[in-house]
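Presented below is the structure to which this report refers.
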There are 2 protein chains.
Amino acid sequence: MSTRSAAAPEAHWPDDRPGLIPVLPLVHVAWSDGILTAGEHRVFRELILESPALGPDDREALEPWLDPDSPPSPTAVRRLRDTIRTLAGPAAVDSVSLTELGYDIARESGGHRPWRDPDARHALAAAEAALGVLGREAVQRLLEPAAPEPEAPAPSLFDSERLADWLAQPRRELRDRILGLLQEPEFQMDIEIDRATHRQRALEAVQRLADEGIGALAYPEAYGGAASPAASVTAFETLAYGDLSVVVKFGVQFGLFGGSVYQLGTAKHHERFLERIGTLELPGCYAMTELGHGSNVRDLETIATWDAEADGFRIRTPHEGAGKEWIGNAALHGRMATVFAQLEVGGEAHGVHAFLVPIRDDDGKTMPGVRIADSGPKVGLNGIDNGRLWFDDVVVPRDALLDRFASVTEDGRYESPIPSAGRRFFTMLGTLVAGRISIAAASVSVAKTALTIGVRYSARRRQFGPEGRPEVAVLDYTTQRRLLLPRLAATYAHHFATRDLIERYEASLGEGADESATRELEVRAAGLKALASWHAMDTLQAVRESMGGRGYHAENRLGRLKNDTDIFTTFEGANVVLLQLVAKGLLTRFREQMGDLRLWSAVRYLADRAQTRVAELNPVIVRRDDEDHLRDPDFHRAAFEYREERLLGSVARRLKGRIDDGMESFDAMNAVQDHMVTLARAHTERRMLEAFLDGVRRAPTPGISESLRTLAGLFALSRLEADRAWFLEAGYFEPRKSEAIRAQVNALCAEVAEEAELLVDAFGIPDAVLQAPDGL
Amino acid sequence: MSTRSAAAPEAHWPDDRPGLIPVLPLVHVAWSDGILTAGEHRVFRELILESPALGPDDREALEPWLDPDSPPSPTAVRRLRDTIRTLAGPAAVDSVSLTELGYDIARESGGHRPWRDPDARHALAAAEAALGVLGREAVQRLLEPAAPEPEAPAPSLFDSERLADWLAQPRRELRDRILGLLQEPEFQMDIEIDRATHRQRALEAVQRLADEGIGALAYPEAYGGAASPAASVTAFETLAYGDLSVVVKFGVQFGLFGGSVYQLGTAKHHERFLERIGTLELPGCYAMTELGHGSNVRDLETIATWDAEADGFRIRTPHEGAGKEWIGNAALHGRMATVFAQLEVGGEAHGVHAFLVPIRDDDGKTMPGVRIADSGPKVGLNGIDNGRLWFDDVVVPRDALLDRFASVTEDGRYESPIPSAGRRFFTMLGTLVAGRISIAAASVSVAKTALTIGVRYSARRRQFGPEGRPEVAVLDYTTQRRLLLPRLAATYAHHFATRDLIERYEASLGEGADESATRELEVRAAGLKALASWHAMDTLQAVRESMGGRGYHAENRLGRLKNDTDIFTTFEGANVVLLQLVAKGLLTRFREQMGDLRLWSAVRYLADRAQTRVAELNPVIVRRDDEDHLRDPDFHRAAFEYREERLLGSVARRLKGRIDDGMESFDAMNAVQDHMVTLARAHTERRMLEAFLDGVRRAPTPGISESLRTLAGLFALSRLEADRAWFLEAGYFEPRKSEAIRAQVNALCAEVAEEAELLVDAFGIPDAVLQAPDGL
């Protein structure tokens with residue numbers, strides 16, 4: 001810029017010329033920025049002076065303020081700014097451009113009249129464009145200078161071993177025992193293991209777990225167990241640090257097969273089979289899914305007809321496409337299967353029931369009437385011998401029916417303690433909840449493995465750097481932090497949410513658990529299974545990419561883990577289907593709450609809603625963008641609750657509107673399907689945040705609590721950031737708040753980066769289990 | 001609801017009681033909705049009547065309107081609505097709640113005064129909450145009834161073979177020839193092929209391609225080629241329908257190794273090697289990446305010292321971590337390598353240069369001084385023998401230097417036609433552009449494969465359905481459509497953008513191509529490589545999940561494709577690094593444009609900006625949410641341009657601000673890194689949209705053009721939807737527009753679903769190449 005000549009304009013703007021007020025902001029910015037070249041100043045000058053709104057006197061008064069050879073003094077520029085601030089009302093900060101701001105401040109003085117001419121506005125807009133600044137940003141800068149970006153405070157480095165110990169509770173002993181087992185030779189699988197070997201090795205590993213009594217943990221003590229389903233899930237969770245074929249085969253045998261016998265069967269079944277299942281003496285299958293029916297279990301086609309003469313049931317696959325598919329343990333190792341089939345008694349259909357059907361004899365020969373095929377090579381989990389099953393009029397005795405919820409009497413009468421077929425079906429399916437909780441927990445373990453590798457690598461790997469200085473750790477790059485650290489925070493959120501779920505599950509099986517608690521548990525399990533399995537996949541992919549070529553080395557495990565985990569989003573309930581279940585559960589509860597509305601409860605409910613609503617209307621909330629507010633857990637909780645509440649209301653309304661308009665309920669559900677999925681996510685994330693904040697409260701030391709609070713803030717804000725479009729649409733955020741959240745996520749990432757290694761150390765995965773060379 | 005009694009209120013609201021106006025909207029909604037139960041009506045009534053703003057006369061007049069046992073007639077309710085609409089000003093539609101609307105319409109009449117009491121407002125808000133409606137939505141419904149959701153018009157089913165033929169241009173013959181080859185036994189790889197066999201089979205397949213003259217396509221005719229780099233990329237693109245190890249090995253040999261000899265070498269190198277490379281007589285490597293330096297090539301550590309006595313160079317790996325890594329063809333098949341090393345001549349460092357170094361003799365024995373290790377098993381692409389290389393003072397002759405851009409004279413003087421070392425480095429790296437274009441093109445082929453499988457499966461697979469009716473094709477589900485169809489649209493966008501890029505590339509190598517065109521090409525290639533490779537991964541994952549268990553069968557290819565494609569986001573430039581290159585390129589051009597601004601060009605440039613800006617200020621644009629507007633390609637283009645333009649300005653400003661504040665340029669770049677990546681995406685997507693719209697214009701028939709226009713609309717709107725938070729923050733969208741876009745994406749998905757199978761048929765992948773059983 002040229003140096004200031006002696007002919008600099010006077011230090012005061014010509015106050016006597018109100019017609020100049022609209023150009024004030026532009027002139028100020030033209031000088032205050034100091035980025036315009038002399039040539040650009042000339043362009044700017046011509047465009048400004050072109051305005052038909054300026055009289056000759058105006059032009060004369062303005063000219064000295066537009067001369068690049070004689071710039072105004074810094075003091076004059078600052079005074080100009082003060083003048084603008086004095087003139088500007090509180091709403092002025094919302095002006096979208098400097099031109100608009102000029103008009104706003106001119107309106108009071110009446111000096112804007114000649115400027116109403118559209119050509120005048122055009123000339124001003126062109127001049128503003130010539131400044132090359134962004135209107136809204138420039139207005140904000142001019143009226144309230146941006147606060148300096150928050151710097152990361154000195155980290156409070158906590159004791160990661162103390163945190164590790166706390167995270168390993170409850171049942172630390174069991175976890176440690178399994179982590180010990182995972183280091184033994186039985187549990188090591190070669191990187192390039194072939195399918196046949198992998199299947200054999202996985203069987204041996206599961207046998208070892210059975211020998212250790214770990215398979216039977218959920219069963220009653222009488223059958224070699226510990227009567228603790230939560231311990232069983234904990235075992236599953238911990239095993240998921242190792243080979244995933246082993247853990248899934250473990251789940252097939254003890255959770256699905258054994259669980260179906262335990263939960264759908266009665267004493268006679270327990271007595272006869274449970275111990276042999278827990279020791280793997282009786283390897284079995286859970287034969288629900290069919291080729292033609294994956295998600296839609298209710299319409300599966302295998303038939304079980306009551307045959308009075310045989311005093312038993314005839315199991316029949318009506319056509320090729322109704323064969324059972326993906327049945328774990330079926331291709332090689334299973335001897336018996338829990339087969340789900342449509343029960344017909346005396347020509348009457350009673351819906352889906354479960355039957356114990358022998359599929360191989362003790363020598364491993366396929367039973368007559370049963371046909372078995374190998375499901376073949378899969379994307380992952382090739383240590384499991386999935387197979388297909390067809391039944392050609394296989395007769396099983398009367399007590400093959402797992403008869404806790406329904407039975408057929410000796411004289412061929414169908415009986416059930418649950419009168420409604422629909423209710424019976426869902427009660428039966430409810431036993432799937434343990435599987436979903438287990439998959440959620442295993443997904444969290446996988447995410448922990450991935451992040452332990454990715455964070456350690458990123459903290460050590462250096463690449464690029466400032467001229468002449470050493471290269472920079474890749475964890476110091478903004479994009480790398482954004483790739484890893486919000487996912488680290490989400491992994492902690494999932495950790496607390498799943499642990500909470502596991503304990504609730506155990507409690508729900510005790511005395512006095514009611515039906516609504518059970519339904520609530522199913523909703524939680526479905527939501528967490530879906531979100532956790534997606535989170536694991538997403539985290540594996542992010543870590544793979546964050547490590548560049550190193551992530552592509554098979555020895556770093558990410559490929560195998562990705563391939564194995566991929567199906568987590570599909571089995572035990574496809575995620576999209578599960579999230580619809582969650583939404584349906586919420587809608588049912590909502591309808592019930594609204595339905596038998598007694599005055600008092602109604603008023604309380606409505607008062608709660610009103611409170612939320614008031615917050616919505618409060619301009620302070622939608623605008624506040626200071627750090628204290630943005631990091632306040634109360635703000636996070638309120639935003640998560642608001643989102644869920646409002647989505648629930650709008651889904652209910654949209655559904656009802658369509659049904660009232662005569663749409664079939666199935667079509668109405670489909671029309672709002674994406675909306676329902678969004679609601680289910682919002683609900684589950686709210687639960688996750690609550691569990692996380694509860695974890696912060698319960699933390700064993702103030703240092704850990706503080707670190708977790710920061711991490712919970714990153715979780716909450718990164719979710720709000722991801723969904724900020726929704727909040728903007730709802731008017732819950734103003735644009736500047738939304739932008740401030742983005743900046744705050746970056747600031748929190750910088751803080752968490754300082755402790756990231758300690759936070760992954762606290763997952764407590766021993767090197768000998770982690771194995772990935774770049775994660776040690 | 002109770003039936004209407006004879007005592008229904010009069011058909012007119014008491015006009016003489018202005019104090020009742022604030023409750024008008026609430027009362028209307030309470031009746032118009034028809035969803036309140038009698039109990040809820042009573043709660044509502046109590047809450048309304050609680051208001052301290054109501055005098056006794058008001059209460060009396062209001063009572064008949066609040067009695068659930070005597071509801072007003074539909075006519076009365078409609079008249080109430082008309083009254084509200086008459087009273088409401090144009091701004092009323094923006095009210096966030098019915099309460100606010102009531103206050104708004106009451107203000108004019110003066111009847112709102114008693115309602116200023118905060119308790120009055122509270123009572124009203126509570127009553128509104130009791131209605132259980134969403135304020136803003138209810139206000140909009142009340143003031144302007146929503147238009148019925150657009151129904152999908154009857155599809156214009158076009159001739160997909162005609163489209164297929166057009167998409168196969170140019171060079172359809174070459175494509176067909178390669179699709180024919182891919183069906184031959186050499187190109188079939190078993191699902192469970194082991195690594196050693198895969199490497200051997202891939203070598204044989206590449207040999208077959210060499211024999212067919214396909215490897216040499218890019219080279220001059222004198223060396224067996226066709227002098228058409230575009231043909232070579234086309235071959236690469238088409239090969240990517242088959243085994244990806246083969247195509248990448250093809251690229252290593254003919255593109256990277258051969259390309260480096262051709263483009264960095266001079267006549268003597270071409271003469272001696274090019275023909276032998278094209279026939280695979282001389283298998284070679286491209287040894288750039290090092291263990292310690294992946295992305296940061298400029299700082300790689302291998303050293304080439306000029307040795308006057310030997311009349312050559314000594315190639316040396318200074319320490320273990322400086323070994324070359326991931327070098328394709330190195331572990332087994334390569335005989336020679338283009339080695340990138342820091343050149344030192346007489347103690348002076350001249351930066352990175354490329355040298356031809358023999359690594360194995362004709363018998364395959366490793367050359368003295370060279371150490372080779374296998375890179376080991378990888379996540380995918382295991383048909384390629386990647387290896388590591390270390391050099392222990394290996395002497396190569398003077399003409400081993402690929403000397404197009406720099407040479408060392410006989411008397412040991414360093415000479416270069418490019419004086420600046422930085423410029424020289426980037427010119428040399430510029431030769432990487434072909435690789436990036438090839439990866440982009442191959443990524444598009446992979447996405448086409450995935451979608452062909454996923455769309456066909458989803459159109460045929462049925463699951464669930466309305467009570468008593470057949471199950472529904474999964475492609476009829478909203479979530480399934482959203483999973484597949486925007487990705488189908490994006491695949492077409494990528495198709496047109498890559499094809500355009502390939503032709504530009506060919507043109508850039510002709511006479512008269514200038515430097516700025518070259519830089520522009522590099523920016524396009526970097527951007528498209530990044531976005532296309534992410535798109536391929538993302539599409540594979542979406543298709544896998546969309547197919548549930550079927551997607552997990554290895555025979556459906558998604559697993560192998562995912563594993564193989566995963567590294568596309570890393571090699572030939574890590575995506576995040578490439579996007580930063582794109583952003584830097586845009587910033588440089590921006591600075592140049594602003595820098596040597598002559599008056600005329602400046603005014604034109606600024607006028608363009610102003611035009612965008614004017615659109616921004618136009619409330620019609622930010623609000624319009626009708627179908628015509630939302631589907632208008634001009635709107636899409638304007639929105640994409642606006643985003644890019646504004647991001648460019650704000651990145652420039654943020655960078656400059658930081659540098660002005662004394663930050664080092666490296667740190668400043670890091671601080672705005674995520675912002676730069678966003679800019680680069682916005683730029684590349686804008687280019688993609690332009691290429692797509694250009695494709696729509698050039699389409700061979702009106703039917704095809706119409707279908708592609710719909711598809712381009714889906715691409716544009718789904719991108720705008722994904723980025724709607726940004727547009728909301730910028731004030732470019734109002735919330736209702738943003739919501740309307742979401743609804744329009746659903747409507748477009750429904751239209752595209754009708755033609756989805758034809759659109760994937762048009763990719764023209766023969767069944768014998770596609771192979772996936774569920775995609776045939």
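A note on labels: chains of the structure tokens are A, B, ... as shown, every chain counts residues from 1, and ligands are counted from 1 in their shown order.
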Taking 5 positions as the minimum chain separation for residues in the same chain, which residues sit within 9 Å of segment 87-90 of chain B when counting only C-alpha atoms? Answer as a list in words.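 With the cut-off at 9 Å, the set is Asp82, Leu101, Asp104, Ile105, Ala106, Glu108 and Leu143 of chain B.
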Based on the selection just made, write N, CA and C atoms of those residues as a PDB file, in the first residue's frame.
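New file out_29.pdb:
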```pdb
ATOM      1  N   ASP B  82     -60.556 -18.594   8.095  1.00  0.00           N
ATOM      2  CA  ASP B  82     -60.555 -17.463   7.167  1.00  0.00           C
ATOM      3  C   ASP B  82     -60.331 -16.152   7.914  1.00  0.00           C
ATOM      4  N   LEU B 101     -48.281 -16.436  16.829  1.00  0.00           N
ATOM      5  CA  LEU B 101     -49.161 -16.005  15.747  1.00  0.00           C
ATOM      6  C   LEU B 101     -50.348 -15.237  16.320  1.00  0.00           C
ATOM      7  N   ASP B 104     -49.240 -11.873  17.193  1.00  0.00           N
ATOM      8  CA  ASP B 104     -48.976 -11.090  15.984  1.00  0.00           C
ATOM      9  C   ASP B 104     -50.270 -10.501  15.428  1.00  0.00           C
ATOM     10  N   ILE B 105     -51.282 -11.371  15.302  1.00  0.00           N
ATOM     11  CA  ILE B 105     -52.493 -10.867  14.661  1.00  0.00           C
ATOM     12  C   ILE B 105     -53.271  -9.963  15.611  1.00  0.00           C
ATOM     13  N   ALA B 106     -53.007 -10.090  16.911  1.00  0.00           N
ATOM     14  CA  ALA B 106     -53.730  -9.259  17.876  1.00  0.00           C
ATOM     15  C   ALA B 106     -53.153  -7.850  17.961  1.00  0.00           C
ATOM     16  N   GLU B 108     -52.372  -5.453  15.956  1.00  0.00           N
ATOM     17  CA  GLU B 108     -53.040  -4.364  15.231  1.00  0.00           C
ATOM     18  C   GLU B 108     -54.304  -3.907  15.961  1.00  0.00           C
ATOM     19  N   LEU B 143     -51.906 -21.190   7.817  1.00  0.00           N
ATOM     20  CA  LEU B 143     -51.895 -20.028   6.930  1.00  0.00           C
ATOM     21  C   LEU B 143     -51.780 -20.399   5.456  1.00  0.00           C
TER      22      LEU B 143
END
```
Would you give me, as number ranges by chain, the residues of chain B that come within 6 Å of chain A, using only C-alpha atoms? B: 126, 129-130, 296, 377-379, 464, 466, 479, 548, 552-554, 559, 570, 606, 610, 666, 674, 725, 729, 735
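Interatomic distance, atom CA of Ser508 of chain A to atom CA of Leu264 of chain A: 16.5 Å.
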Between atom CA of Arg631 of chain A and atom CA of Ile453 of chain A, what is the spacing in Å?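 Atom CA of Arg631 of chain A lies at a distance of 28.6 Å from atom CA of Ile453 of chain A.
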Quick one: residues within 10 Å of segment 743-745 of chain B, only C-alpha atoms counted, chain neighbours fewer than 6 positions away excluded, as an mmCIF file with N, CA and C atoms, in the first residue's frame?
```
data_model
loop_
_atom_site.group_PDB
_atom_site.id
_atom_site.type_symbol
_atom_site.label_atom_id
_atom_site.label_comp_id
_atom_site.auth_asym_id
_atom_site.auth_seq_id
_atom_site.Cartn_x
_atom_site.Cartn_y
_atom_site.Cartn_z
ATOM 1 N N GLU B 149 -48.109 -33.825 -1.694
ATOM 2 C CA GLU B 149 -46.764 -34.262 -2.088
ATOM 3 C C GLU B 149 -46.757 -34.644 -3.561
ATOM 4 N N PRO B 150 -45.708 -34.247 -4.258
ATOM 5 C CA PRO B 150 -45.678 -34.521 -5.687
ATOM 6 C C PRO B 150 -45.689 -36.022 -5.935
ATOM 7 N N ARG B 482 -32.955 -44.299 -0.809
ATOM 8 C CA ARG B 482 -32.002 -43.261 -0.417
ATOM 9 C C ARG B 482 -30.580 -43.813 -0.324
ATOM 10 N N LEU B 485 -30.027 -44.751 -4.710
ATOM 11 C CA LEU B 485 -30.277 -43.938 -5.896
ATOM 12 C C LEU B 485 -29.487 -42.631 -5.958
ATOM 13 N N PRO B 486 -29.311 -41.921 -4.848
ATOM 14 C CA PRO B 486 -28.407 -40.770 -4.945
ATOM 15 C C PRO B 486 -26.990 -41.204 -5.334
ATOM 16 N N ASP B 625 -39.497 -22.674 -2.755
ATOM 17 C CA ASP B 625 -39.407 -24.100 -2.472
ATOM 18 C C ASP B 625 -40.382 -24.890 -3.345
ATOM 19 N N ASP B 626 -40.757 -24.303 -4.476
ATOM 20 C CA ASP B 626 -41.646 -25.032 -5.375
ATOM 21 C C ASP B 626 -40.828 -25.990 -6.230
ATOM 22 N N GLU B 627 -41.512 -26.987 -6.743
ATOM 23 C CA GLU B 627 -40.822 -28.038 -7.479
ATOM 24 C C GLU B 627 -40.068 -27.501 -8.698
ATOM 25 N N LEU B 630 -36.876 -25.968 -7.495
ATOM 26 C CA LEU B 630 -35.931 -26.903 -6.878
ATOM 27 C C LEU B 630 -35.334 -27.848 -7.906
ATOM 28 N N ARG B 631 -36.030 -28.051 -9.019
ATOM 29 C CA ARG B 631 -35.497 -28.959 -10.036
ATOM 30 C C ARG B 631 -34.791 -28.213 -11.155
ATOM 31 N N GLY B 713 -30.682 -33.883 -11.495
ATOM 32 C CA GLY B 713 -31.389 -33.169 -10.436
ATOM 33 C C GLY B 713 -31.228 -33.885 -9.102
ATOM 34 N N LEU B 714 -31.309 -35.207 -9.145
ATOM 35 C CA LEU B 714 -31.132 -35.972 -7.914
ATOM 36 C C LEU B 714 -29.704 -35.816 -7.393
ATOM 37 N N PHE B 715 -28.745 -35.850 -8.318
ATOM 38 C CA PHE B 715 -27.359 -35.641 -7.881
ATOM 39 C C PHE B 715 -27.222 -34.278 -7.208
ATOM 40 N N ALA B 716 -27.677 -33.248 -7.904
ATOM 41 C CA ALA B 716 -27.485 -31.888 -7.378
ATOM 42 C C ALA B 716 -28.215 -31.717 -6.048
ATOM 43 N N LEU B 717 -29.474 -32.121 -6.004
ATOM 44 C CA LEU B 717 -30.243 -31.887 -4.778
ATOM 45 C C LEU B 717 -29.748 -32.743 -3.625
ATOM 46 N N SER B 718 -29.296 -33.959 -3.918
ATOM 47 C CA SER B 718 -28.816 -34.769 -2.793
ATOM 48 C C SER B 718 -27.501 -34.205 -2.257
ATOM 49 N N ARG B 719 -26.704 -33.588 -3.117
ATOM 50 C CA ARG B 719 -25.496 -32.917 -2.619
ATOM 51 C C ARG B 719 -25.875 -31.677 -1.815
ATOM 52 N N LEU B 720 -26.822 -30.918 -2.323
ATOM 53 C CA LEU B 720 -27.247 -29.720 -1.583
ATOM 54 C C LEU B 720 -27.878 -30.123 -0.249
ATOM 55 N N GLU B 721 -28.614 -31.215 -0.277
ATOM 56 C CA GLU B 721 -29.210 -31.705 0.967
ATOM 57 C C GLU B 721 -28.114 -32.092 1.973
ATOM 58 N N LYS B 737 -37.015 -24.009 2.808
ATOM 59 C CA LYS B 737 -36.446 -24.443 1.536
ATOM 60 C C LYS B 737 -35.629 -25.711 1.746
ATOM 61 N N GLU B 751 -38.929 -41.288 -8.639
ATOM 62 C CA GLU B 751 -38.927 -41.277 -10.106
ATOM 63 C C GLU B 751 -37.775 -42.097 -10.660
#
```
Determine which residues of segment 126-351 of chain B receive a DSSP assignment of strand (DSSP E), computed from the backbone, and state them as a PyMOL selection string. chain B and resi 284-287+303-307+312-316+324-327+336-345+348-351
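Residues within 8 Å of Arg687 of chain A, counting only C-alpha atoms and excluding same-chain residues fewer than 4 positions away, are Ala497, His683 and Ala691 of chain A.
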Restrict the selected residues to N, CA and C atoms and save them as a PDB file, in the first residue's frame.
```pdb
ATOM      1  N   ALA A 497     -22.831 -46.493  27.425  1.00  0.00           N
ATOM      2  CA  ALA A 497     -24.219 -46.871  27.115  1.00  0.00           C
ATOM      3  C   ALA A 497     -24.386 -48.390  27.110  1.00  0.00           C
ATOM      4  N   HIS A 683     -33.098 -40.704  19.524  1.00  0.00           N
ATOM      5  CA  HIS A 683     -33.404 -41.302  20.821  1.00  0.00           C
ATOM      6  C   HIS A 683     -32.182 -42.026  21.385  1.00  0.00           C
ATOM      7  N   ALA A 691     -25.891 -41.748  29.435  1.00  0.00           N
ATOM      8  CA  ALA A 691     -25.004 -42.746  30.040  1.00  0.00           C
ATOM      9  C   ALA A 691     -23.593 -42.179  30.193  1.00  0.00           C
TER      10      ALA A 691
END
```
